[in-house]
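Quick notes on the structure that follows.
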Amino acid sequence: MEGRCRIFRLAGLILALALASAGAEIPLHPEVGAGLWIWAGKAFDRQECRFVRAFEIPRGAEVTTARLRVTADNSYQLFLDGQPIGRGGDWRVLIEYDVKLLLTPGEHVLALSALNDFDVAGLIFSLRVELSDGRVIEVASDDSWKIAPNDAKRWQEKTRAWEQWPAAKVLYPPHDSYRPQIYQAPISEPLEIALWQRKWFQVSLSSLAIAGIVTGLFLGSRLFLKSQMEKVVRRERERIAVDLHDDLGGGLTQLVLLGETSRREVAGNSPVADALARLCDQSRGLVQGMNETVWLINSRRDTIRDFASYVAKYAESFFKGSPVRCRFEIEEDLPPLPCDLGIRRNLYLAVKEALNNTLRHAQATAVELEIHRQRNELVVTIRDNGRGFDAAKGGEGNGLRNMAMRAAEAGGSFKVETRVGEGSAIEFRVPFQAPARFGIARLFPWNRKRGPAE
């Protein structure tokens with residue numbers, strides 16, 4: 001069967017060439033249109049030939065009908081503006097496509113990839129576009145088509161390389177004896193491009209990804225620098241604490257000893273003895289204050305366990321020699337969770353103020369100091385059996401206001417419960433770590449608000 005078809009095509013070619021050489025007009029079959037059989041300069045077996053052609057729909061025009069017919073010997077694949085439209089595999093079948101929905105005003109590119117199995121080859125094509133104003137645009141296979149090299153990239157798109165590509169060779173027009181079967185393909189519709197396949201989405205996603213990477217690198221570098229700076233600060237705090245303890249502490253201790261020695265060598269009722277006594281008392285106070293400062297800045301004591309231990313020792317020493325009996329309720333096995341310097345300092349000073357007020361104004365005989373955890377907060381409660389006071393009127397002096405201010409600076413809360421004649425209970429609640437404005441906000445110094453606890 002294939003052999004007879006080949007003979008039929010050769011006979012048609014010989015007849016067409018003979019008529020053309022005699023100057024006779026070759027009639028065209030109306031079902032085929034005005035297209036000519038075209039191919040490359042030479043045909044050979046297993047040959048792929050790529051054809052491209054551009055045309056334009058006038059601006060403002062409206063397409064009413066667009067009929068495209070094509071076939072090839074032996075097979076083809078058709079593209080319009082890079083979109084696959086269809087394919088065929090038999091030169092005796094002319095496939096008709098309705099491409100009206102694909103044509104809008106502007107330039108369009110036709111591209112066909114034709115494959116020759118063996119022997120003679122050819123491609124025939126016709127496109128008829130009718131506009132609403134009566135104009136007609138026709139594109140047919142002729143020598144205006146270009147042949148794209150097989151190694152050309154994105155050959156379905158129009159580029160400047162078209163100018164260097166060779167033109168197609170016209171073989172012969174379709175003879176009236178060529179009567180292909182007409183097959184109407186389904187209407188060609190624009191491709192439904194998914195959201196993630198759209199260029200604007202891909203560009204936006206790429207931009208977000210790049211922005212995320214840059215932001216991550218920036219934040220990572222900031223975190224790294226912050227951690228390195230904190231290490232330097234911790235080492236410097238340790239050095240300062242050691243220097244204060246060894247140098248200043250040793251000097252103050254020697255000053256106290258010298259004062260006590262000089263005091264014993266003078267008369268007990270002389271003005272010099274009184275001055276030396278005051279000097280020794282002030283020196284001991286300086287030693288105590290220095291020890292507190294060393295404890296506060298020592299980075300090795302930045303835990304709630306160390307805080308509870310130090311406060312308990314301070315309270316025991318503070319009430320020693322007084323008529324007030326101090327009892328402790330400290331949670332067992334407090335973990336060594338870190339506690340910021342600003343929080344420890346403000347909470348310690350607030351507790352110190354509360355103990356001082358209890359001794360001076362409460363007229364209490366017993367004080368209970370309670371320290372425990374509650375979720376991510378440290379709770380310190382001081383209860384006494386003193387005379388109490390009217391909370392609505394406030395206590396004496398600025399003690400309550402100072403304690404409330406210290407608790408607020410530590411990012412926590414302050415509460416007092418008291419009644420006249422029934423004692424008092426003061427409660428401090430502070431977080432282990434500083435609030436968020438002290439944390440991640442440090443990565444963005446231009447948006448950082450400094451708080452008193454820093």
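Chain identifiers are assigned as A, B, and so on, following the order in which chains appear in the structure tokens; residues are numbered from 1 within each chain, and ligands are numbered from 1 in order of appearance.
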Residues of region 300-357 of chain A that approach region 416-428 of chain A to 10 Å or less, counting only C-alpha atoms: could you list each one with the shortest pair of atoms and its distance in Å to one decimal, rows by chain and increasing residue number, as CSV?
```
residue,atom,partner,partner_atom,distance
A:Leu347,CA,A:Phe428,CA,7.7
A:Ala350,CA,A:Phe428,CA,8.4
A:Val351,CA,A:Phe428,CA,8.3
A:Ala354,CA,A:Ile426,CA,7.7
```
Q: Name the residues of region 173-325 of chain A that come out as alpha helix (DSSP H) in a backbone DSSP run; write them as a ChimeraX atom specification.
A: /A:199-243,249-264,271-297,304-318
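Note that CA of Val109 (chain A) and CA of Ala54 (chain A) are 4.4 Å apart.
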Q: Could you jot down the CA of Arg383 (chain A) to CA of Glu368 (chain A) separation for me, Å, one decimal place?
A: 5.1 Å
Q) For Ile187 (chain A), which residue among A:Leu102, A:Ile137, A:Val63, A:Met229 is the nearest when counting only C-alpha atoms? A) A:Leu102
**Q.** Near-region 87-95 of chain A list (10 Å; only C-alpha atoms; drop same-chain fewer than 4 positions) as a ChimeraX atom specification
**A.** /A:5,31-32,68-79,112-115,121-125,178-185
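Note that CA of Arg406 (chain A) and CA of Lys313 (chain A) are 21.0 Å apart.
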Q.
Using DSSP assignments from the backbone, pull out every residue in region 108-336 of chain A that falls under strand (DSSP E) and give it to me as a ChimeraX atom specification.
A. /A:108-116,122-131,136-140,146-148,169-172,181-184,325-330
Q: May I have the residues within 10 Å of region 155-169 of chain A as a PyMOL selection string, using only C-alpha atoms and disregarding those fewer than 2 positions away in the same chain?
A: chain A and resi 36-42+49-54+78-83+107-113+122+141-153+171-172
Please, could you write that set of residues out with N, CA and C atoms as a compact mmCIF listing (two decimals), in the first residue's frame?
```txt
# COMPACT_ATOMS: atom_id res chain seq x y z
N LEU A 36 1.72 25.94 -0.71
CA LEU A 36 2.59 25.17 -1.58
C LEU A 36 3.32 24.12 -0.75
N TRP A 37 3.69 23.06 -1.40
CA TRP A 37 4.54 22.07 -0.74
C TRP A 37 5.93 22.66 -0.59
N ILE A 38 6.43 22.71 0.63
CA ILE A 38 7.75 23.29 0.88
C ILE A 38 8.56 22.31 1.72
N TRP A 39 9.88 22.49 1.63
CA TRP A 39 10.81 21.68 2.43
C TRP A 39 12.17 22.35 2.39
N ALA A 40 13.15 21.71 2.98
CA ALA A 40 14.51 22.22 2.93
C ALA A 40 15.09 21.98 1.53
N GLY A 41 16.35 22.42 1.33
CA GLY A 41 16.95 22.28 0.02
C GLY A 41 17.11 20.83 -0.41
N LYS A 42 17.28 19.93 0.54
CA LYS A 42 17.49 18.52 0.22
C LYS A 42 16.79 17.67 1.25
N CYS A 49 12.72 18.88 9.96
CA CYS A 49 12.79 20.21 9.38
C CYS A 49 11.89 21.14 10.20
N ARG A 50 12.46 22.28 10.66
CA ARG A 50 11.73 23.21 11.51
C ARG A 50 11.41 24.48 10.73
N PHE A 51 10.13 24.80 10.62
CA PHE A 51 9.67 25.96 9.87
C PHE A 51 9.11 27.00 10.83
N VAL A 52 9.40 28.28 10.55
CA VAL A 52 8.89 29.38 11.36
C VAL A 52 8.40 30.49 10.44
N ARG A 53 7.37 31.19 10.91
CA ARG A 53 6.78 32.29 10.12
C ARG A 53 6.04 33.20 11.08
N ALA A 54 6.18 34.51 10.89
CA ALA A 54 5.51 35.49 11.74
C ALA A 54 4.45 36.22 10.93
N LEU A 78 2.63 21.24 15.48
CA LEU A 78 2.32 22.64 15.22
C LEU A 78 2.35 23.43 16.52
N PHE A 79 2.95 24.65 16.44
CA PHE A 79 3.00 25.57 17.58
C PHE A 79 2.49 26.94 17.13
N LEU A 80 1.78 27.63 18.01
CA LEU A 80 1.38 29.01 17.79
C LEU A 80 1.77 29.81 19.02
N ASP A 81 2.70 30.75 18.83
CA ASP A 81 3.23 31.55 19.92
C ASP A 81 3.81 30.68 21.03
N GLY A 82 4.47 29.59 20.62
CA GLY A 82 5.09 28.69 21.58
C GLY A 82 4.15 27.67 22.20
N GLN A 83 2.86 27.80 21.99
CA GLN A 83 1.88 26.87 22.56
C GLN A 83 1.64 25.72 21.58
N GLU A 107 1.66 40.75 17.12
CA GLU A 107 2.44 39.82 16.32
C GLU A 107 2.31 38.40 16.87
N HIS A 108 2.25 37.43 15.96
CA HIS A 108 2.16 36.03 16.32
C HIS A 108 3.20 35.25 15.52
N VAL A 109 3.60 34.10 16.07
CA VAL A 109 4.63 33.27 15.46
C VAL A 109 4.07 31.87 15.23
N LEU A 110 4.16 31.42 13.98
CA LEU A 110 3.81 30.04 13.62
C LEU A 110 5.10 29.23 13.57
N ALA A 111 5.08 28.02 14.12
CA ALA A 111 6.25 27.15 14.11
C ALA A 111 5.78 25.71 13.89
N LEU A 112 6.48 25.01 13.01
CA LEU A 112 6.15 23.61 12.72
C LEU A 112 7.43 22.79 12.71
N SER A 113 7.36 21.66 13.37
CA SER A 113 8.46 20.71 13.33
C SER A 113 7.98 19.50 12.53
N GLY A 122 7.68 16.89 2.43
CA GLY A 122 7.01 18.15 2.13
C GLY A 122 6.07 18.57 3.24
N SER A 141 2.01 28.34 3.06
CA SER A 141 3.36 27.80 2.97
C SER A 141 3.97 28.20 1.64
N ASP A 142 5.08 28.98 1.70
CA ASP A 142 5.80 29.43 0.52
C ASP A 142 7.25 29.68 0.92
N ASP A 143 7.98 30.40 0.08
CA ASP A 143 9.40 30.62 0.37
C ASP A 143 9.64 31.74 1.38
N SER A 144 8.57 32.34 1.96
CA SER A 144 8.75 33.34 3.01
C SER A 144 8.98 32.69 4.37
N TRP A 145 8.80 31.39 4.46
CA TRP A 145 9.05 30.69 5.72
C TRP A 145 10.55 30.50 5.91
N LYS A 146 10.98 30.48 7.16
CA LYS A 146 12.37 30.26 7.49
C LYS A 146 12.54 28.86 8.08
N ILE A 147 13.75 28.32 7.89
CA ILE A 147 14.07 27.00 8.42
C ILE A 147 15.06 27.18 9.56
N ALA A 148 14.64 26.78 10.75
CA ALA A 148 15.48 26.94 11.94
C ALA A 148 16.46 25.78 12.04
N PRO A 149 17.72 26.05 12.36
CA PRO A 149 18.68 24.95 12.57
C PRO A 149 18.22 24.04 13.71
N ASN A 150 18.62 22.79 13.63
CA ASN A 150 18.20 21.83 14.64
C ASN A 150 18.81 22.11 16.01
N ASP A 151 19.92 22.85 16.07
CA ASP A 151 20.54 23.17 17.36
C ASP A 151 20.10 24.53 17.90
N ALA A 152 19.15 25.17 17.21
CA ALA A 152 18.68 26.49 17.66
C ALA A 152 17.81 26.33 18.92
N LYS A 153 18.03 27.21 19.90
CA LYS A 153 17.25 27.18 21.12
C LYS A 153 16.10 28.17 21.01
N LEU A 171 8.54 23.30 -3.39
CA LEU A 171 8.66 22.09 -4.19
C LEU A 171 7.70 22.11 -5.37
N TYR A 172 6.42 22.19 -5.09
CA TYR A 172 5.39 22.24 -6.13
C TYR A 172 4.06 22.53 -5.46
```
Q. Got a sec: who's within 6 Å of region 327-340 of chain A, counting only C-alpha atoms, leaving out chain neighbours fewer than 5 positions off, as a list of chain:residue names?
A. A:Asp302, A:Thr303, A:Ile304, A:Arg305, A:Glu368, A:Leu369, A:Glu370, A:Ile371, A:His372, A:Phe432, A:Gln433
Deliver the residues from the most recent selection as a file, using C-alpha atoms, as a tab-separated table (two decimals), in the first residue's frame.
```
chain	number	residue	atom	x	y	z
A	302	ASP	CA	23.25	34.94	86.62
A	303	THR	CA	20.79	32.22	87.74
A	304	ILE	CA	17.65	32.18	89.85
A	305	ARG	CA	19.27	29.58	92.14
A	368	GLU	CA	8.75	34.97	106.20
A	369	LEU	CA	10.66	35.10	102.91
A	370	GLU	CA	9.23	32.85	100.17
A	371	ILE	CA	10.88	32.27	96.78
A	372	HIS	CA	9.46	29.91	94.15
A	432	PHE	CA	13.44	35.00	84.15
A	433	GLN	CA	14.38	36.74	80.95
```
Determine, counting only C-alpha atoms, which protein, DNA and RNA residues have an atom within 12 Å of an atom of Glu138 (chain A); residues of the same chain fewer than 4 positions away are not included. Present the result as a JSON list (two decimals) with C-alpha atoms, in the first residue's frame.
```json
[["chain", "number", "residue", "atom", "x", "y", "z"],
["A", 33, "GLY", "CA", -6.06, 26.40, -0.30],
["A", 34, "ALA", "CA", -3.16, 28.46, -1.63],
["A", 35, "GLY", "CA", -0.33, 26.73, 0.25],
["A", 54, "ALA", "CA", 5.51, 35.49, 11.74],
["A", 55, "PHE", "CA", 2.34, 37.43, 10.98],
["A", 56, "GLU", "CA", 0.46, 40.28, 12.62],
["A", 57, "ILE", "CA", -3.12, 41.03, 13.54],
["A", 65, "THR", "CA", -12.93, 33.38, 12.07],
["A", 66, "ALA", "CA", -9.47, 31.83, 11.90],
["A", 67, "ARG", "CA", -9.08, 28.54, 10.01],
["A", 68, "LEU", "CA", -5.72, 26.80, 9.85],
["A", 69, "ARG", "CA", -5.01, 23.72, 7.75],
["A", 125, "PHE", "CA", 0.03, 24.95, 5.28],
["A", 126, "SER", "CA", -2.69, 27.62, 5.01],
["A", 127, "LEU", "CA", -4.19, 30.09, 7.49],
["A", 128, "ARG", "CA", -7.16, 32.33, 6.72],
["A", 129, "VAL", "CA", -8.12, 34.98, 9.25],
["A", 130, "GLU", "CA", -11.27, 37.07, 8.73],
["A", 131, "LEU", "CA", -11.67, 40.31, 10.70],
["A", 142, "ASP", "CA", 5.80, 29.43, 0.52]]
```
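The nearest approach to Leu257 (chain A) among the residues A:Ala277, A:Leu195, A:Ala362, A:Leu219, with only C-alpha atoms taken into account, belongs to A:Ala277.
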Q. Quick one: residues within 9 Å of Pro431 (chain A), only C-alpha atoms counted, chain neighbours fewer than 4 positions away excluded, as a count of residues only?
A. 10
Q) So which one's closest to Ala308 (chain A), A:Phe224, A:Val380, A:Glu189, A:Asp117? Using only C-alpha atoms, please. A) A:Val380
